[in-house]
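As structure tokens, the structure follows; a few thoughts come after it.
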Amino acid sequence: MPIYDNLKKTDPDVYAAVAGELQRQTDEMELIASENYVSPSVLEALGSVLTNKYAEGFPGKRYYGGQQFTDAAETLAIERAKALYHCDHANVQALSGAPANIAVYFALLEPGDAVLGMDLSHGGHLTHGSPVTYMSKLFRFFRYKMKNVETGELDYDQMREIARKEKPKIVLAGFSAYPRELDYAKIKAIADEVGAVAMMDMAHIAGLIAAGLLKNPFDYGFHVVTTTTHKTLRGPRGGMILSRGTVSNPLKAVEKTIENIPTLIDRSVFPGFQGGPHMNNIAALAVALGEVMKPDYKPYAAQILVNAKRMAQRLMDKGCKLVTNGTDNHMMVVDCIKSFGIDGKEVQHILDDVGISTSKSTIPDDPLPPFKPSGLRLGTPAVTTRGMKEGDIDMTVDFMLKAIEKRADASALKKLQTEVREFCRRFPLPGMKI
Ligand code: DSN
């Protein structure tokens with residue numbers, strides 16, 4: 001385990017939180033679909049002296065001096081991102097996924113413009129127009145849904161109809177709780193028909209796309225792709241905005257046209273929206289992208305998919321109802337009301353009690369509210385990083401179902417928690433010995 005000697009001496013309270021979290025991650029099972037464990041090299045770059053440096057601007061065009069190494073780190077991240085996703089431009093400064101999406105909205109839209117994105121209860125994301133966000137007060141968001149919740153097929157006719165009526169400036173694909181592949185060609189055709197920018201938020205599946213296992217929206221002519229960097233991609237927390245075309249001069253304002261998208265995006269991130277980039281995160285992102293380029297990443301990503309399919313199948317074999325009846329990616333959503341007769345919040349709490357972390361989730365057109373929804377989202381990126389394979393996934397499902405079955409029996413849950421801990425300790429976190 002890392003020692004954290006200095007922290008232990010100078011601030012035992014914070015040390016206790018950090019060491020406690022390390023112990024929790026070691027002893028517990030992580031099935032939150034958006035989480036993962038970074039490598040020791042990513043952690044070293046994150047904890048490096050690059051955190052001391054201000055670097056407003058972009059490589060070669062900074063406002064402060066002393067930038068030879070920040071430029072090197074950011075250029076590595078940019079070039080690796082471009083190579084992995086086959087695009088021309090990468091902004092790697094967005095602080096995370098929400099800031100990345102907001103920066104794109106401000107880059108391309110005027111207040112009152114329309115955006116067409118996926119309905120939240122059908123798997124869309126808060127930043128795609130939820131009424132609780134500030135963005136929804138500035139821009140008009142419209143929503144498309146699945147046509148068939150048993151297969152996950154999106155309602156492309158509905159999408160086209162709304163697009164023709166509302167004339168969105170952005171047609172937005174992407175999700176945080178949708179287990180199927182998208183038809184990018186259809187979405188791009190709808191965007192083209194109304195002259196909209198085709199944008200994809202690939203945060204959840206960025207690693208699976210980089211590995212070539214899921215389709216790349218750029219291959220279908222998408223203009224802009226945003227992502228977080230810490231989910232399947234297995235990097236530090238952060239965001240990227242990828243696009244086609246080149247930046248003319250990030251320090252000079254340009255017209256809002258499709259050709260100017262890369263310049264508009266850079267200017268929107270800085271100075272429009274953020275100040276100094278977090279250079280330690282950017283260096284850690286460069287490391288993570290370098291890891292994705294190495295030969296062992298694709299087998300890892302492939303195993304995420306194998307494990308997710310196995311988990312979905314075992315849950316269904318045991319009588320559980322999944323939204324879309326399975327998965328094509330790393331995640332699945334269990335309909336807890338239909339499967340267990342209790343809501344997703346309750347199931348999440350029961351699983352917490354035995355050391356299994358999950359996240360409650362809405363199901364399509366959920367009659368229950370988001371804080372106490374009908375579903376539970378599960379994902380396999382983190383357990384796959386720890387080396388779990390199909391047999392281990394079966395054990396994991398059995399732990400979950402047993403916990404739910406024995407939820408009224410405190411001593412059975414205690415015993416199960418010990419079993420989960422012993423099981424998890426067989427799979428150390430990257431670079432950590434137990
Ligand atoms: N919070 C992330 C997720 O869990 O999907 C998305 O922002």
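Ligands are numbered from 1 in the order shown, residues from 1 within each chain, and chains are lettered A, B, ... in the order they appear in the structure tokens.
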
For this session: Do a neighbour search on segment 142-156 of chain A at 8 Å with only C-alpha atoms, toss out local chain neighbours closer than 2 positions, and write the hits as a ChimeraX atom specification.
Result: /A:114-119,122,129,140,158-160,162,178-180,182,186-187,323-325,364

For those residues, write N, CA, C and O atoms to a file as a PDB file, in the first residue's frame.
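Output contents, as saved in again21.pdb:
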ATOM      1  N   ALA A 114     -32.127  25.705 -29.420  1.00  0.00           N
ATOM      2  CA  ALA A 114     -32.631  24.394 -29.006  1.00  0.00           C
ATOM      3  C   ALA A 114     -31.566  23.297 -29.133  1.00  0.00           C
ATOM      4  O   ALA A 114     -30.699  23.351 -30.008  1.00  0.00           O
ATOM      5  N   VAL A 115     -31.677  22.312 -28.230  1.00  0.00           N
ATOM      6  CA  VAL A 115     -30.824  21.113 -28.246  1.00  0.00           C
ATOM      7  C   VAL A 115     -31.758  19.911 -28.123  1.00  0.00           C
ATOM      8  O   VAL A 115     -32.689  19.940 -27.321  1.00  0.00           O
ATOM      9  N   LEU A 116     -31.475  18.886 -28.919  1.00  0.00           N
ATOM     10  CA  LEU A 116     -32.299  17.675 -28.843  1.00  0.00           C
ATOM     11  C   LEU A 116     -31.449  16.542 -28.269  1.00  0.00           C
ATOM     12  O   LEU A 116     -30.469  16.119 -28.889  1.00  0.00           O
ATOM     13  N   GLY A 117     -31.803  16.088 -27.061  1.00  0.00           N
ATOM     14  CA  GLY A 117     -31.007  15.050 -26.401  1.00  0.00           C
ATOM     15  C   GLY A 117     -31.889  13.942 -25.850  1.00  0.00           C
ATOM     16  O   GLY A 117     -33.120  14.012 -25.915  1.00  0.00           O
ATOM     17  N   MET A 118     -31.258  12.944 -25.261  1.00  0.00           N
ATOM     18  CA  MET A 118     -31.997  11.774 -24.789  1.00  0.00           C
ATOM     19  C   MET A 118     -32.684  12.058 -23.448  1.00  0.00           C
ATOM     20  O   MET A 118     -32.092  12.672 -22.555  1.00  0.00           O
ATOM     21  N   ASP A 119     -33.900  11.599 -23.338  1.00  0.00           N
ATOM     22  CA  ASP A 119     -34.671  11.745 -22.101  1.00  0.00           C
ATOM     23  C   ASP A 119     -33.902  11.127 -20.924  1.00  0.00           C
ATOM     24  O   ASP A 119     -33.346  10.027 -21.038  1.00  0.00           O
ATOM     25  N   HIS A 122     -34.812   7.683 -19.763  1.00  0.00           N
ATOM     26  CA  HIS A 122     -34.488   6.628 -20.743  1.00  0.00           C
ATOM     27  C   HIS A 122     -32.983   6.398 -20.828  1.00  0.00           C
ATOM     28  O   HIS A 122     -32.526   5.628 -21.676  1.00  0.00           O
ATOM     29  N   GLY A 129     -29.868  18.482 -20.490  1.00  0.00           N
ATOM     30  CA  GLY A 129     -31.077  19.290 -20.474  1.00  0.00           C
ATOM     31  C   GLY A 129     -32.029  19.044 -19.335  1.00  0.00           C
ATOM     32  O   GLY A 129     -33.192  19.419 -19.413  1.00  0.00           O
ATOM     33  N   ARG A 140     -33.120  25.758 -24.874  1.00  0.00           N
ATOM     34  CA  ARG A 140     -34.352  24.964 -24.871  1.00  0.00           C
ATOM     35  C   ARG A 140     -33.999  23.519 -25.209  1.00  0.00           C
ATOM     36  O   ARG A 140     -33.511  23.239 -26.308  1.00  0.00           O
ATOM     37  N   GLN A 158     -39.353   9.707 -33.876  1.00  0.00           N
ATOM     38  CA  GLN A 158     -39.680  10.791 -32.944  1.00  0.00           C
ATOM     39  C   GLN A 158     -38.569  11.847 -32.953  1.00  0.00           C
ATOM     40  O   GLN A 158     -38.823  13.052 -32.949  1.00  0.00           O
ATOM     41  N   MET A 159     -37.327  11.356 -33.008  1.00  0.00           N
ATOM     42  CA  MET A 159     -36.178  12.276 -33.019  1.00  0.00           C
ATOM     43  C   MET A 159     -36.267  13.198 -34.245  1.00  0.00           C
ATOM     44  O   MET A 159     -36.098  14.422 -34.140  1.00  0.00           O
ATOM     45  N   ARG A 160     -36.559  12.605 -35.402  1.00  0.00           N
ATOM     46  CA  ARG A 160     -36.650  13.389 -36.645  1.00  0.00           C
ATOM     47  C   ARG A 160     -37.806  14.391 -36.565  1.00  0.00           C
ATOM     48  O   ARG A 160     -37.673  15.561 -36.934  1.00  0.00           O
ATOM     49  N   ILE A 162     -39.240  15.758 -33.910  1.00  0.00           N
ATOM     50  CA  ILE A 162     -38.936  16.892 -33.016  1.00  0.00           C
ATOM     51  C   ILE A 162     -37.905  17.810 -33.675  1.00  0.00           C
ATOM     52  O   ILE A 162     -38.004  19.034 -33.601  1.00  0.00           O
ATOM     53  N   TYR A 178     -27.793   3.753 -20.366  1.00  0.00           N
ATOM     54  CA  TYR A 178     -28.409   3.125 -21.545  1.00  0.00           C
ATOM     55  C   TYR A 178     -27.472   2.006 -22.002  1.00  0.00           C
ATOM     56  O   TYR A 178     -26.294   2.274 -22.314  1.00  0.00           O
ATOM     57  N   PRO A 179     -27.955   0.768 -22.051  1.00  0.00           N
ATOM     58  CA  PRO A 179     -27.032  -0.342 -22.269  1.00  0.00           C
ATOM     59  C   PRO A 179     -26.858  -0.809 -23.715  1.00  0.00           C
ATOM     60  O   PRO A 179     -26.279  -1.872 -23.930  1.00  0.00           O
ATOM     61  N   ARG A 180     -27.332  -0.045 -24.666  1.00  0.00           N
ATOM     62  CA  ARG A 180     -27.261  -0.536 -26.048  1.00  0.00           C
ATOM     63  C   ARG A 180     -26.420   0.371 -26.934  1.00  0.00           C
ATOM     64  O   ARG A 180     -26.090   1.485 -26.563  1.00  0.00           O
ATOM     65  N   LEU A 182     -25.678   2.742 -30.294  1.00  0.00           N
ATOM     66  CA  LEU A 182     -26.491   3.755 -30.997  1.00  0.00           C
ATOM     67  C   LEU A 182     -26.329   3.613 -32.505  1.00  0.00           C
ATOM     68  O   LEU A 182     -25.284   3.161 -32.982  1.00  0.00           O
ATOM     69  N   LYS A 186     -27.992   7.164 -38.403  1.00  0.00           N
ATOM     70  CA  LYS A 186     -29.352   7.737 -38.383  1.00  0.00           C
ATOM     71  C   LYS A 186     -29.364   9.080 -37.652  1.00  0.00           C
ATOM     72  O   LYS A 186     -30.023  10.030 -38.082  1.00  0.00           O
ATOM     73  N   ILE A 187     -28.652   9.155 -36.552  1.00  0.00           N
ATOM     74  CA  ILE A 187     -28.641  10.401 -35.770  1.00  0.00           C
ATOM     75  C   ILE A 187     -27.979  11.520 -36.580  1.00  0.00           C
ATOM     76  O   ILE A 187     -28.479  12.651 -36.641  1.00  0.00           O
ATOM     77  N   VAL A 323     -33.746  -3.513 -17.916  1.00  0.00           N
ATOM     78  CA  VAL A 323     -34.175  -2.576 -18.958  1.00  0.00           C
ATOM     79  C   VAL A 323     -33.448  -2.979 -20.248  1.00  0.00           C
ATOM     80  O   VAL A 323     -32.229  -3.207 -20.237  1.00  0.00           O
ATOM     81  N   THR A 324     -34.178  -3.117 -21.334  1.00  0.00           N
ATOM     82  CA  THR A 324     -33.706  -3.568 -22.665  1.00  0.00           C
ATOM     83  C   THR A 324     -33.283  -5.051 -22.666  1.00  0.00           C
ATOM     84  O   THR A 324     -32.686  -5.524 -23.636  1.00  0.00           O
ATOM     85  N   ASN A 325     -33.547  -5.739 -21.577  1.00  0.00           N
ATOM     86  CA  ASN A 325     -33.288  -7.194 -21.520  1.00  0.00           C
ATOM     87  C   ASN A 325     -31.852  -7.602 -21.830  1.00  0.00           C
ATOM     88  O   ASN A 325     -31.614  -8.648 -22.437  1.00  0.00           O
ATOM     89  N   PRO A 364     -37.070   3.697 -17.733  1.00  0.00           N
ATOM     90  CA  PRO A 364     -37.804   4.551 -18.668  1.00  0.00           C
ATOM     91  C   PRO A 364     -39.185   4.953 -18.143  1.00  0.00           C
ATOM     92  O   PRO A 364     -39.949   4.101 -17.678  1.00  0.00           O
TER      93      PRO A 364
END

Problem set entry | 9 Å contact set for Lys256 of chain A, only C-alpha atoms, chain neighbours under 6 positions out, as a list in words | Ala107, Leu108, Leu109 and Leu264 of chain A

File of the preceding selection, N, CA and C atoms, as a PDB file, in the first residue's frame:
ATOM      1  N   ALA A 107     -20.075  27.369 -26.753  1.00  0.00           N
ATOM      2  CA  ALA A 107     -19.296  27.572 -27.987  1.00  0.00           C
ATOM      3  C   ALA A 107     -20.214  27.692 -29.192  1.00  0.00           C
ATOM      4  N   LEU A 108     -21.289  26.898 -29.215  1.00  0.00           N
ATOM      5  CA  LEU A 108     -22.050  26.744 -30.459  1.00  0.00           C
ATOM      6  C   LEU A 108     -23.427  27.386 -30.435  1.00  0.00           C
ATOM      7  N   LEU A 109     -23.953  27.715 -29.254  1.00  0.00           N
ATOM      8  CA  LEU A 109     -25.341  28.167 -29.168  1.00  0.00           C
ATOM      9  C   LEU A 109     -25.442  29.623 -28.734  1.00  0.00           C
ATOM     10  N   LEU A 264     -13.852  27.591 -31.696  1.00  0.00           N
ATOM     11  CA  LEU A 264     -14.934  28.007 -30.786  1.00  0.00           C
ATOM     12  C   LEU A 264     -14.846  27.236 -29.473  1.00  0.00           C
TER      13      LEU A 264
END

For this session: Tell me which protein, DNA and RNA residues are within 9 Å of Phe106 of chain A, counting only C-alpha atoms, leaving out same-chain ones fewer than 5 positions away, and put them as a list of chain:residue names.
Result: A:Asn101, A:Pro111, A:Leu264, A:Ile265, A:Ser268, A:Gly272, A:Phe273

Can you write out the residues you just picked, keeping all heavy atoms, as a PDB file, in the first residue's frame?
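Ended up saving to selection.pdb:
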ATOM      1  N   ASN A 101     -19.476  19.578 -21.536  1.00  0.00           N
ATOM      2  CA  ASN A 101     -20.734  19.779 -22.276  1.00  0.00           C
ATOM      3  C   ASN A 101     -21.158  21.244 -22.255  1.00  0.00           C
ATOM      4  O   ASN A 101     -21.584  21.796 -23.268  1.00  0.00           O
ATOM      5  CB  ASN A 101     -21.832  18.891 -21.692  1.00  0.00           C
ATOM      6  CG  ASN A 101     -21.629  17.427 -22.068  1.00  0.00           C
ATOM      7  OD1 ASN A 101     -20.898  17.128 -23.010  1.00  0.00           O
ATOM      8  ND2 ASN A 101     -22.260  16.528 -21.350  1.00  0.00           N
ATOM      9  N   PRO A 111     -28.276  32.044 -26.412  1.00  0.00           N
ATOM     10  CA  PRO A 111     -29.386  31.797 -25.477  1.00  0.00           C
ATOM     11  C   PRO A 111     -30.696  31.624 -26.242  1.00  0.00           C
ATOM     12  O   PRO A 111     -30.963  32.341 -27.207  1.00  0.00           O
ATOM     13  CB  PRO A 111     -29.398  33.071 -24.619  1.00  0.00           C
ATOM     14  CG  PRO A 111     -27.984  33.544 -24.663  1.00  0.00           C
ATOM     15  CD  PRO A 111     -27.467  33.197 -26.032  1.00  0.00           C
ATOM     16  N   LEU A 264     -13.852  27.591 -31.696  1.00  0.00           N
ATOM     17  CA  LEU A 264     -14.934  28.007 -30.786  1.00  0.00           C
ATOM     18  C   LEU A 264     -14.846  27.236 -29.473  1.00  0.00           C
ATOM     19  O   LEU A 264     -15.070  27.789 -28.385  1.00  0.00           O
ATOM     20  CB  LEU A 264     -16.294  27.753 -31.452  1.00  0.00           C
ATOM     21  CG  LEU A 264     -16.597  28.642 -32.671  1.00  0.00           C
ATOM     22  CD1 LEU A 264     -17.770  28.073 -33.477  1.00  0.00           C
ATOM     23  CD2 LEU A 264     -16.911  30.069 -32.214  1.00  0.00           C
ATOM     24  N   ILE A 265     -14.524  25.957 -29.574  1.00  0.00           N
ATOM     25  CA  ILE A 265     -14.444  25.127 -28.367  1.00  0.00           C
ATOM     26  C   ILE A 265     -13.274  25.565 -27.483  1.00  0.00           C
ATOM     27  O   ILE A 265     -13.427  25.759 -26.271  1.00  0.00           O
ATOM     28  CB  ILE A 265     -14.360  23.634 -28.748  1.00  0.00           C
ATOM     29  CG1 ILE A 265     -15.744  23.170 -29.211  1.00  0.00           C
ATOM     30  CG2 ILE A 265     -13.862  22.787 -27.581  1.00  0.00           C
ATOM     31  CD1 ILE A 265     -15.785  21.818 -29.840  1.00  0.00           C
ATOM     32  N   SER A 268     -14.116  28.676 -25.831  1.00  0.00           N
ATOM     33  CA  SER A 268     -15.192  28.524 -24.863  1.00  0.00           C
ATOM     34  C   SER A 268     -14.651  27.972 -23.534  1.00  0.00           C
ATOM     35  O   SER A 268     -15.035  28.422 -22.453  1.00  0.00           O
ATOM     36  CB  SER A 268     -16.251  27.579 -25.449  1.00  0.00           C
ATOM     37  OG  SER A 268     -17.323  27.445 -24.565  1.00  0.00           O
ATOM     38  N   GLY A 272     -13.458  31.552 -22.053  1.00  0.00           N
ATOM     39  CA  GLY A 272     -14.895  31.692 -21.863  1.00  0.00           C
ATOM     40  C   GLY A 272     -15.399  31.185 -20.533  1.00  0.00           C
ATOM     41  O   GLY A 272     -16.226  31.819 -19.881  1.00  0.00           O
ATOM     42  N   PHE A 273     -14.908  30.014 -20.136  1.00  0.00           N
ATOM     43  CA  PHE A 273     -15.569  29.315 -19.039  1.00  0.00           C
ATOM     44  C   PHE A 273     -14.625  29.004 -17.882  1.00  0.00           C
ATOM     45  O   PHE A 273     -15.007  29.093 -16.731  1.00  0.00           O
ATOM     46  CB  PHE A 273     -16.163  28.032 -19.625  1.00  0.00           C
ATOM     47  CG  PHE A 273     -17.027  27.253 -18.707  1.00  0.00           C
ATOM     48  CD1 PHE A 273     -18.038  27.862 -17.978  1.00  0.00           C
ATOM     49  CD2 PHE A 273     -16.853  25.884 -18.574  1.00  0.00           C
ATOM     50  CE1 PHE A 273     -18.850  27.126 -17.131  1.00  0.00           C
ATOM     51  CE2 PHE A 273     -17.662  25.145 -17.727  1.00  0.00           C
ATOM     52  CZ  PHE A 273     -18.657  25.767 -17.011  1.00  0.00           C
TER      53      PHE A 273
END

For this session: Would you mind writing down, as number ranges by chain, each residue of segment 316-398 of chain A that DSSP on the backbone assigns to strand (DSSP E or B)?
Result: A: 322, 331-335, 356-357, 359-361, 375-379

For this session: Would you mind listing the residues within 9 Å of ligand 1, counting only C-alpha atoms and all ligand atoms, as a PyMOL selection string?
Result: chain A and resi 32-35+96-98+125-127+175-177+203-204+228+231+359+377

Save the residues we just selected, C-alpha atoms, as a PDB file, in the first residue's frame?
ATOM      1  CA  ILE A  32     -20.871   1.661 -10.092  1.00  0.00           C
ATOM      2  CA  ALA A  33     -20.782   1.753 -13.892  1.00  0.00           C
ATOM      3  CA  SER A  34     -18.943   5.089 -14.047  1.00  0.00           C
ATOM      4  CA  GLU A  35     -16.084   4.216 -11.692  1.00  0.00           C
ATOM      5  CA  SER A  96     -14.900  17.113 -16.150  1.00  0.00           C
ATOM      6  CA  GLY A  97     -17.895  15.963 -18.203  1.00  0.00           C
ATOM      7  CA  ALA A  98     -20.402  18.637 -17.176  1.00  0.00           C
ATOM      8  CA  HIS A 125     -27.598  12.626 -18.641  1.00  0.00           C
ATOM      9  CA  LEU A 126     -28.372  15.580 -16.356  1.00  0.00           C
ATOM     10  CA  THR A 127     -26.232  17.871 -18.516  1.00  0.00           C
ATOM     11  CA  PHE A 175     -26.155   8.595 -22.118  1.00  0.00           C
ATOM     12  CA  SER A 176     -25.301   7.578 -18.609  1.00  0.00           C
ATOM     13  CA  ALA A 177     -27.756   4.702 -18.153  1.00  0.00           C
ATOM     14  CA  ALA A 203     -18.308   9.533 -21.323  1.00  0.00           C
ATOM     15  CA  HIS A 204     -19.432   6.068 -20.318  1.00  0.00           C
ATOM     16  CA  THR A 228     -15.060  12.307 -19.104  1.00  0.00           C
ATOM     17  CA  LYS A 231     -14.804   5.829 -16.515  1.00  0.00           C
ATOM     18  CA  SER A 359     -26.055   3.359  -8.024  1.00  0.00           C
ATOM     19  CA  ARG A 377     -27.460   0.546 -12.491  1.00  0.00           C
TER      20      ARG A 377
END

Which residues of segment 5-96 of chain A come within 9 Å of segment 414-423 of chain A, and for each one, what is the closest pair of atoms and their distance in Å to one decimal, counting only C-alpha atoms, sorted by chain and residue number, as a tab-separated table?
residue	atom	partner	partner_atom	distance
A:Thr26	CA	A:Arg421	CA	8.2
A:Asp27	CA	A:Arg421	CA	4.8
A:Glu28	CA	A:Arg421	CA	5.9
A:Met29	CA	A:Val420	CA	7.4

Preceding selection exported with N, CA and C atoms as a PDB file, in the first residue's frame:
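Output below, filename out-v3.pdb:
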ATOM      1  N   THR A  26     -10.299  -1.465  -1.314  1.00  0.00           N
ATOM      2  CA  THR A  26      -9.699  -2.794  -1.318  1.00  0.00           C
ATOM      3  C   THR A  26     -10.694  -3.865  -0.874  1.00  0.00           C
ATOM      4  N   ASP A  27     -11.478  -3.530   0.126  1.00  0.00           N
ATOM      5  CA  ASP A  27     -12.335  -4.535   0.777  1.00  0.00           C
ATOM      6  C   ASP A  27     -13.714  -4.664   0.150  1.00  0.00           C
ATOM      7  N   GLU A  28     -14.079  -3.701  -0.697  1.00  0.00           N
ATOM      8  CA  GLU A  28     -15.459  -3.718  -1.190  1.00  0.00           C
ATOM      9  C   GLU A  28     -15.497  -3.887  -2.699  1.00  0.00           C
ATOM     10  N   MET A  29     -16.674  -4.240  -3.168  1.00  0.00           N
ATOM     11  CA  MET A  29     -16.884  -4.505  -4.596  1.00  0.00           C
ATOM     12  C   MET A  29     -17.438  -3.244  -5.237  1.00  0.00           C
TER      13      MET A  29
END

Exercise. Within 6 Å of segment 64-80 of chain A, counting only C-alpha atoms, which residues qualify if same-chain residues fewer than 4 places away don't, as a PyMOL selection string?
Worked result: chain A and resi 59+90+283+286

Write the residues of the selection above to a file with N, CA, C and O atoms, as an mmCIF file, in the first residue's frame.
data_model
loop_
_atom_site.group_PDB
_atom_site.id
_atom_site.type_symbol
_atom_site.label_atom_id
_atom_site.label_comp_id
_atom_site.auth_asym_id
_atom_site.auth_seq_id
_atom_site.Cartn_x
_atom_site.Cartn_y
_atom_site.Cartn_z
ATOM 1 N N PRO A 59 -0.886 24.980 -25.507
ATOM 2 C CA PRO A 59 0.550 24.767 -25.776
ATOM 3 C C PRO A 59 1.071 25.751 -26.826
ATOM 4 O O PRO A 59 0.469 25.920 -27.887
ATOM 5 N N ALA A 90 -8.283 18.095 -30.161
ATOM 6 C CA ALA A 90 -8.657 17.648 -28.815
ATOM 7 C C ALA A 90 -8.403 18.783 -27.833
ATOM 8 O O ALA A 90 -7.290 19.304 -27.761
ATOM 9 N N ALA A 283 -1.520 15.873 -17.253
ATOM 10 C CA ALA A 283 -0.385 14.943 -17.376
ATOM 11 C C ALA A 283 -0.844 13.516 -17.078
ATOM 12 O O ALA A 283 -0.467 12.558 -17.772
ATOM 13 N N ALA A 286 -2.616 12.178 -19.994
ATOM 14 C CA ALA A 286 -1.676 11.727 -21.038
ATOM 15 C C ALA A 286 -1.187 10.312 -20.711
ATOM 16 O O ALA A 286 -1.103 9.441 -21.590
#

For this session: Skip Gly375 of chain A itself and residues of its chain fewer than 5 positions away, then list as number ranges by chain all residues within 12 Å of it, counting only C-alpha atoms.
Result: A: 121-123, 177, 320-323, 332-348, 358-370

Can you write out the residues you just picked, keeping C-alpha atoms, as a JSON list (two decimals), in the first residue's frame?
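Writing the result to out_5.json gives the following:
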[["chain", "number", "residue", "atom", "x", "y", "z"],
["A", 121, "SER", "CA", -35.32, 8.50, -17.52],
["A", 122, "HIS", "CA", -34.49, 6.63, -20.74],
["A", 123, "GLY", "CA", -30.77, 6.87, -19.96],
["A", 177, "ALA", "CA", -27.76, 4.70, -18.15],
["A", 320, "CYS", "CA", -34.40, -10.37, -12.69],
["A", 321, "LYS", "CA", -35.88, -7.91, -15.17],
["A", 322, "LEU", "CA", -33.35, -5.71, -16.98],
["A", 323, "VAL", "CA", -34.18, -2.58, -18.96],
["A", 332, "MET", "CA", -27.13, -2.65, -17.21],
["A", 333, "VAL", "CA", -30.15, -1.32, -15.38],
["A", 334, "VAL", "CA", -32.15, -3.68, -13.17],
["A", 335, "ASP", "CA", -35.84, -2.95, -12.71],
["A", 336, "CYS", "CA", -35.88, -3.51, -8.93],
["A", 337, "ILE", "CA", -39.62, -3.19, -8.50],
["A", 338, "LYS", "CA", -40.27, -5.95, -11.02],
["A", 339, "SER", "CA", -37.31, -8.04, -9.88],
["A", 340, "PHE", "CA", -37.51, -7.73, -6.09],
["A", 341, "GLY", "CA", -40.62, -5.73, -5.23],
["A", 342, "ILE", "CA", -38.53, -2.93, -3.66],
["A", 343, "ASP", "CA", -37.12, 0.29, -5.14],
["A", 344, "GLY", "CA", -33.58, 0.97, -6.32],
["A", 345, "LYS", "CA", -32.69, 3.12, -3.33],
["A", 346, "GLU", "CA", -33.50, 0.31, -0.95],
["A", 347, "VAL", "CA", -31.53, -2.22, -3.00],
["A", 348, "GLN", "CA", -28.54, 0.17, -3.13],
["A", 358, "THR", "CA", -23.97, 0.39, -6.89],
["A", 359, "SER", "CA", -26.06, 3.36, -8.02],
["A", 360, "LYS", "CA", -29.80, 3.63, -8.07],
["A", 361, "SER", "CA", -31.22, 4.66, -11.42],
["A", 362, "THR", "CA", -34.45, 5.64, -13.08],
["A", 363, "ILE", "CA", -36.08, 3.24, -15.51],
["A", 364, "PRO", "CA", -37.80, 4.55, -18.67],
["A", 365, "ASP", "CA", -40.73, 6.84, -17.71],
["A", 366, "ASP", "CA", -40.16, 5.87, -14.10],
["A", 367, "PRO", "CA", -43.26, 6.39, -11.96],
["A", 368, "LEU", "CA", -40.93, 6.88, -8.95],
["A", 369, "PRO", "CA", -38.81, 10.02, -8.35],
["A", 370, "PRO", "CA", -35.04, 10.10, -9.16]]
